[in-house]
Structures are given as C-alpha cells and as structure tokens.
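Worksheet: one structure, shown below.
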Amino acid sequence: MCDLQKAAVLNLDQLVAMDSQEEILYEDELRSRYGHLEKMTDLVAVWEVALSDGVHKIEFEHGTTSGKRVVYVDGKEVLRRDWMFKLVGKETFSVGGTETKATINIDAVSGFAYEYTLEVNGKSLKKYMENRSKTSNTWVITLDGVDCRIVLEKDTMELWCNGKKMETAGEFVDDGTETHFTIGDHECCIKAVSSGKRREGIIHSLIVDETKIPEAAE
C-alpha cells in the first residue's frame, strides 16, 4: 500500500473516531438536558421559611405520573419516594439545625391538578410566620464585610447569629435588662425595656458598638 493510500485510510479512521466521539458527546448532552428538564418539570412548589438558624429554602418535586416525591432543604435532598400509587397525601421532615417539623400537604383540586401547602410545627406557613413575628426579633447588620442575621427568641431568650447559637451574659439595669454578647471584635447588647403598654409588652433593641440597629422585617 502506497503512502498516499495509507494516509487516506488513516484519515478515514480518524473521521470515524471523531464522528463516534461527537455522537457520544451528543448523547451525553441530550441525557443531561433531558434529566434537567425532567427535574424542572417535576418541581411544583418552593417555599422560604425563616427560623432561628437562618432562612431555609424548601423545594418539592412531584411526579404526577409515577407519584415520585422528593423534598430538598437548602438544595440538599432530605426525602425521596420514587413510586407512589396514591398521588395525594402528606410528607413530614425536619428543617434546619433546630430540627423544626415541617409537613407538605398534597391535595387534589380537580382532574389532574394538585395543590401543595406547607405546615410548620402544625401551623400553616402564614400563621407560623405571623406567630414568629410575635415571639422573635430579627436584625440584619454587616460587620467587617460579613452579613450577620441576629435572631432573639423572646420566649427562651436564646440568641442566634448566622445559624450559630451565641453565648450571652445578662444583667439587670435601672430600666430593664441587658443581654451582652460579642461578634468578632464588636460589643453587642440586646436591651429589654417595658413599653408601658399591655398590648406591646417588652421592647427589645439591639445595640452594636453603641449604635442602635433597626429591626429587620421577614
């Protein structure tokens, strides 16, 4: 076989190999795209729940043909059922470091339409958040370039910063109480004073480096 014929055979083999490789890549790309599309199609509900240790994102996938149910909390899969004969029902799981109980209710509306609602600690999400606004205070402040979410649980006087439970020291003062703690090199204090009104009760204020911080709305 002459050199020219050998070169032609080699080029043909290279082309076949390249075509095969492109076909494999194309199949992998299709499979990847289809898998992503399937997941996006099954994603039926997304909620955000503000707890002591942070704001948690809950995502729910429901396959209305297979009955598949998958729950993600902050992007991490916490519950999966790949095959369910019954398409309606409920799923219960825990959220966050406080292991707060959450339940997703799946109800049929009409035909093949479904409604998804979230309960937290046995209450609807709306009622739970309304109750939290009465039993907790939240402040958001940037310290040394880091966003800090500070939460006070008024019923237990537990204090959290970015999901970490803080060590505190309390003392009585002339007009109420002060709860002291530190974040890095910053001196922080939560001051509790009476509002003088029965409906308002105790007012809690956050002071960082002698500056009062406005409360955040959640």
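Here, A, B, ... name the chains of the structure tokens in the order displayed, residue numbers run from 1 inside each chain, and ligands are numbered from 1 in the same displayed order.
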All alpha helix (DSSP H) residues (DSSP, backbone) inside range 6-198 of chain A, as a VMD selection string: chain A and resid 6 to 42 125 to 135
Hey, can you spit out that residue selection with C-alpha atoms as a PDB file, in the first residue's frame?
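Written out: again-v7.pdb:
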```pdb
ATOM      1  CA  LYS A   6      -2.100   4.724   3.942  1.00  0.00           C
ATOM      2  CA  ALA A   7      -2.776   8.405   4.654  1.00  0.00           C
ATOM      3  CA  ALA A   8      -6.283   8.118   3.181  1.00  0.00           C
ATOM      4  CA  VAL A   9      -7.060   5.088   5.382  1.00  0.00           C
ATOM      5  CA  LEU A  10      -5.735   6.900   8.471  1.00  0.00           C
ATOM      6  CA  ASN A  11      -7.804   9.981   7.723  1.00  0.00           C
ATOM      7  CA  LEU A  12     -10.905   7.825   7.270  1.00  0.00           C
ATOM      8  CA  ASP A  13     -10.285   6.079  10.604  1.00  0.00           C
ATOM      9  CA  GLN A  14      -9.797   9.457  12.313  1.00  0.00           C
ATOM     10  CA  LEU A  15     -13.046  10.765  10.846  1.00  0.00           C
ATOM     11  CA  VAL A  16     -14.953   7.680  12.039  1.00  0.00           C
ATOM     12  CA  ALA A  17     -13.427   8.044  15.504  1.00  0.00           C
ATOM     13  CA  MET A  18     -14.325  11.746  15.594  1.00  0.00           C
ATOM     14  CA  ASP A  19     -17.897  11.021  14.496  1.00  0.00           C
ATOM     15  CA  SER A  20     -18.233   8.347  17.182  1.00  0.00           C
ATOM     16  CA  GLN A  21     -16.887  10.706  19.832  1.00  0.00           C
ATOM     17  CA  GLU A  22     -19.241  13.510  18.755  1.00  0.00           C
ATOM     18  CA  GLU A  23     -22.156  11.058  18.841  1.00  0.00           C
ATOM     19  CA  ILE A  24     -21.256  10.018  22.412  1.00  0.00           C
ATOM     20  CA  LEU A  25     -20.932  13.665  23.464  1.00  0.00           C
ATOM     21  CA  TYR A  26     -24.241  14.495  21.804  1.00  0.00           C
ATOM     22  CA  GLU A  27     -25.979  11.605  23.595  1.00  0.00           C
ATOM     23  CA  ASP A  28     -24.485  12.696  26.926  1.00  0.00           C
ATOM     24  CA  GLU A  29     -25.592  16.271  26.284  1.00  0.00           C
ATOM     25  CA  LEU A  30     -29.119  15.125  25.423  1.00  0.00           C
ATOM     26  CA  ARG A  31     -29.267  12.921  28.504  1.00  0.00           C
ATOM     27  CA  SER A  32     -28.040  15.799  30.690  1.00  0.00           C
ATOM     28  CA  ARG A  33     -30.528  18.251  29.194  1.00  0.00           C
ATOM     29  CA  TYR A  34     -33.404  15.802  29.440  1.00  0.00           C
ATOM     30  CA  GLY A  35     -32.562  14.967  33.045  1.00  0.00           C
ATOM     31  CA  HIS A  36     -32.508  18.673  33.922  1.00  0.00           C
ATOM     32  CA  LEU A  37     -35.777  19.256  32.046  1.00  0.00           C
ATOM     33  CA  GLU A  38     -37.419  16.315  33.822  1.00  0.00           C
ATOM     34  CA  LYS A  39     -36.377  17.692  37.186  1.00  0.00           C
ATOM     35  CA  MET A  40     -37.620  21.184  36.355  1.00  0.00           C
ATOM     36  CA  THR A  41     -40.925  19.759  35.142  1.00  0.00           C
ATOM     37  CA  ASP A  42     -41.451  17.866  38.399  1.00  0.00           C
ATOM     38  CA  LEU A 125     -46.806  28.762  56.892  1.00  0.00           C
ATOM     39  CA  LYS A 126     -48.649  32.094  57.057  1.00  0.00           C
ATOM     40  CA  LYS A 127     -49.836  31.542  60.641  1.00  0.00           C
ATOM     41  CA  TYR A 128     -46.441  30.229  61.700  1.00  0.00           C
ATOM     42  CA  MET A 129     -44.668  33.330  60.368  1.00  0.00           C
ATOM     43  CA  GLU A 130     -47.267  35.609  61.978  1.00  0.00           C
ATOM     44  CA  ASN A 131     -46.666  33.857  65.307  1.00  0.00           C
ATOM     45  CA  ARG A 132     -42.868  34.109  64.884  1.00  0.00           C
ATOM     46  CA  SER A 133     -43.121  37.858  64.424  1.00  0.00           C
ATOM     47  CA  LYS A 134     -44.604  37.980  67.944  1.00  0.00           C
ATOM     48  CA  THR A 135     -42.155  35.578  69.605  1.00  0.00           C
TER      49      THR A 135
END
```
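The protein and nucleic acid residues lying at most 9 Å from Leu51 in chain A are Val49, Asp53, Gly54, Val55, His56, Val95, Gly96, Thr98, Thr100, Arg132, Val151 and Gly163 of chain A, with only C-alpha atoms considered and sequence neighbours fewer than 2 positions away removed.
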For the residues selected in the previous step, produce a file with N, CA, C and O atoms as an mmCIF file, in the first residue's frame.
```cif
data_model
loop_
_atom_site.group_PDB
_atom_site.id
_atom_site.type_symbol
_atom_site.label_atom_id
_atom_site.label_comp_id
_atom_site.auth_asym_id
_atom_site.auth_seq_id
_atom_site.Cartn_x
_atom_site.Cartn_y
_atom_site.Cartn_z
ATOM 1 N N VAL A 49 -38.579 29.583 54.539
ATOM 2 C CA VAL A 49 -39.017 29.583 55.945
ATOM 3 C C VAL A 49 -37.919 30.201 56.799
ATOM 4 O O VAL A 49 -36.785 29.711 56.816
ATOM 5 N N ASP A 53 -32.080 29.662 63.024
ATOM 6 C CA ASP A 53 -30.743 29.452 62.472
ATOM 7 C C ASP A 53 -30.618 29.869 61.018
ATOM 8 O O ASP A 53 -29.653 29.514 60.347
ATOM 9 N N GLY A 54 -31.589 30.614 60.492
ATOM 10 C CA GLY A 54 -31.468 31.116 59.135
ATOM 11 C C GLY A 54 -32.749 30.961 58.331
ATOM 12 O O GLY A 54 -33.749 30.421 58.818
ATOM 13 N N VAL A 55 -32.701 31.468 57.095
ATOM 14 C CA VAL A 55 -33.823 31.342 56.177
ATOM 15 C C VAL A 55 -33.571 30.121 55.302
ATOM 16 O O VAL A 55 -32.560 30.046 54.600
ATOM 17 N N HIS A 56 -34.484 29.159 55.358
ATOM 18 C CA HIS A 56 -34.296 27.884 54.656
ATOM 19 C C HIS A 56 -35.215 27.797 53.438
ATOM 20 O O HIS A 56 -36.392 28.161 53.504
ATOM 21 N N VAL A 95 -36.415 20.610 59.379
ATOM 22 C CA VAL A 95 -35.753 21.728 58.709
ATOM 23 C C VAL A 95 -34.766 22.388 59.664
ATOM 24 O O VAL A 95 -35.111 22.721 60.799
ATOM 25 N N GLY A 96 -33.536 22.589 59.187
ATOM 26 C CA GLY A 96 -32.540 23.366 59.928
ATOM 27 C C GLY A 96 -31.945 22.674 61.135
ATOM 28 O O GLY A 96 -32.313 21.555 61.495
ATOM 29 N N THR A 98 -32.365 23.445 64.146
ATOM 30 C CA THR A 98 -33.329 23.324 65.241
ATOM 31 C C THR A 98 -34.272 22.136 65.025
ATOM 32 O O THR A 98 -35.114 21.853 65.876
ATOM 33 N N THR A 100 -36.842 21.749 63.103
ATOM 34 C CA THR A 100 -38.240 22.164 63.117
ATOM 35 C C THR A 100 -39.061 21.249 62.214
ATOM 36 O O THR A 100 -38.667 20.954 61.089
ATOM 37 N N ARG A 132 -44.295 33.850 64.658
ATOM 38 C CA ARG A 132 -42.868 34.109 64.884
ATOM 39 C C ARG A 132 -42.587 35.594 65.040
ATOM 40 O O ARG A 132 -41.696 35.993 65.802
ATOM 41 N N VAL A 151 -30.941 36.749 65.599
ATOM 42 C CA VAL A 151 -32.321 36.417 65.962
ATOM 43 C C VAL A 151 -32.409 36.189 67.472
ATOM 44 O O VAL A 151 -31.625 35.438 68.047
ATOM 45 N N GLY A 163 -27.046 31.254 62.166
ATOM 46 C CA GLY A 163 -27.226 29.823 62.408
ATOM 47 C C GLY A 163 -26.469 29.275 63.598
ATOM 48 O O GLY A 163 -26.580 28.093 63.922
#
```
Contacts of range 59-75 of chain A at 12 Å or less, counting only C-alpha atoms, minus same-chain residues fewer than 5 places along, as a PyMOL selection string? chain A and resi 38-49+54+80-97+99-100+102-108+111-118
Writing out the chosen residues with C-alpha atoms as a compact mmCIF listing (two decimals), in the first residue's frame:
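What landed in out_27.txt:
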```txt
# COMPACT_ATOMS: atom_id res chain seq x y z
CA GLU A 38 -37.42 16.32 33.82
CA LYS A 39 -36.38 17.69 37.19
CA MET A 40 -37.62 21.18 36.35
CA THR A 41 -40.93 19.76 35.14
CA ASP A 42 -41.45 17.87 38.40
CA LEU A 43 -40.63 20.89 40.59
CA VAL A 44 -44.07 22.02 41.76
CA ALA A 45 -43.51 24.20 44.85
CA VAL A 46 -40.84 26.34 46.54
CA TRP A 47 -41.08 27.95 49.99
CA GLU A 48 -38.77 30.03 52.17
CA VAL A 49 -39.02 29.58 55.94
CA GLY A 54 -31.47 31.12 59.14
CA ARG A 80 -37.38 10.70 48.32
CA ARG A 81 -40.14 8.32 47.29
CA ASP A 82 -39.66 7.14 43.71
CA TRP A 83 -43.00 5.38 43.29
CA MET A 84 -46.32 6.10 44.99
CA PHE A 85 -49.67 4.66 43.89
CA LYS A 86 -51.51 7.36 45.84
CA LEU A 87 -50.85 10.82 44.40
CA VAL A 88 -52.35 12.76 47.34
CA GLY A 89 -51.19 12.69 50.95
CA LYS A 90 -48.51 14.35 53.08
CA GLU A 91 -44.79 14.20 53.77
CA THR A 92 -43.15 15.24 57.06
CA PHE A 93 -39.47 16.14 57.54
CA SER A 94 -37.16 18.33 59.64
CA VAL A 95 -35.75 21.73 58.71
CA GLY A 96 -32.54 23.37 59.93
CA GLY A 97 -30.35 22.86 62.95
CA GLU A 99 -34.96 20.30 63.50
CA THR A 100 -38.24 22.16 63.12
CA ALA A 102 -42.47 20.66 58.51
CA THR A 103 -45.21 18.91 56.52
CA ILE A 104 -46.11 19.22 52.83
CA ASN A 105 -49.77 18.51 52.09
CA ILE A 106 -50.70 17.26 48.61
CA ASP A 107 -54.38 17.73 47.76
CA ALA A 108 -56.26 17.15 44.52
CA GLY A 111 -58.79 16.41 37.40
CA PHE A 112 -55.01 16.20 37.29
CA ALA A 113 -54.45 19.48 39.18
CA TYR A 114 -52.93 19.43 42.66
CA GLU A 115 -52.45 21.95 45.46
CA TYR A 116 -49.37 21.96 47.68
CA THR A 117 -49.33 23.62 51.10
CA LEU A 118 -46.63 23.77 53.76
```
For the structure I just gave you, how does DSSP split range 33-164 of chain A - specifically, which residues are strand (DSSP E)? Reply as an MDAnalysis selection string. chainID A and resid 43:51 54:62 69:73 76:81 89:95 100:110 113:120 123:124 136:143 146:153 158:161 164
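If you look at CA of Asp144 in chain A and CA of Asp185 in chain A, they are 9.4 Å away from each other.
Shortest separation to Thr211 in chain A among A:Lys154, A:Arg198, A:Asn162, A:Ile141 occurs at residue A:Ile141, atoms counted being only C-alpha atoms.
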Which neighbours of His186 in chain A fall inside 7 Å, counting only C-alpha atoms, when residues of the same chain fewer than 2 positions from it are skipped, and could you give them as a ChimeraX atom specification? /A:182-184,188,208-209
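Of the residues listed (A:Asn137, A:Glu119, A:Ser110, A:Thr177), A:Asn137 shows the shortest atom-to-atom separation from Glu158 in chain A; distances use only C-alpha atoms.
A straight line drawn from CA of Ala217 in chain A to CA of Trp139 in chain A is 8.3 Å long.
In this structure, CA of Lys57 in chain A sits 18.8 Å away from CA of Ala216 in chain A.
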9 Å contact set for Pro214 in chain A, only C-alpha atoms, chain neighbours under 6 positions out, as a PyMOL selection string: chain A and resi 139-140+205-206
Now that the selection is made, can you save its residues with N, CA and C atoms as a PDB file, in the first residue's frame?
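Output saved as out.pdb:
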```pdb
ATOM      1  N   TRP A 139     -32.575  41.035  63.424  1.00  0.00           N
ATOM      2  CA  TRP A 139     -31.812  42.188  62.944  1.00  0.00           C
ATOM      3  C   TRP A 139     -30.798  41.701  61.915  1.00  0.00           C
ATOM      4  N   VAL A 140     -30.537  42.514  60.909  1.00  0.00           N
ATOM      5  CA  VAL A 140     -29.531  42.197  59.891  1.00  0.00           C
ATOM      6  C   VAL A 140     -28.541  43.350  59.835  1.00  0.00           C
ATOM      7  N   SER A 205     -34.262  45.925  71.898  1.00  0.00           N
ATOM      8  CA  SER A 205     -33.459  46.707  70.953  1.00  0.00           C
ATOM      9  C   SER A 205     -32.053  46.147  70.888  1.00  0.00           C
ATOM     10  N   LEU A 206     -31.481  46.123  69.684  1.00  0.00           N
ATOM     11  CA  LEU A 206     -30.101  45.661  69.501  1.00  0.00           C
ATOM     12  C   LEU A 206     -29.175  46.869  69.385  1.00  0.00           C
TER      13      LEU A 206
END
```
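With distances restricted to only C-alpha atoms, A:His204 is the closest residue to Gly176 in chain A from A:His204, A:Lys76, A:Asn121, A:Thr142.
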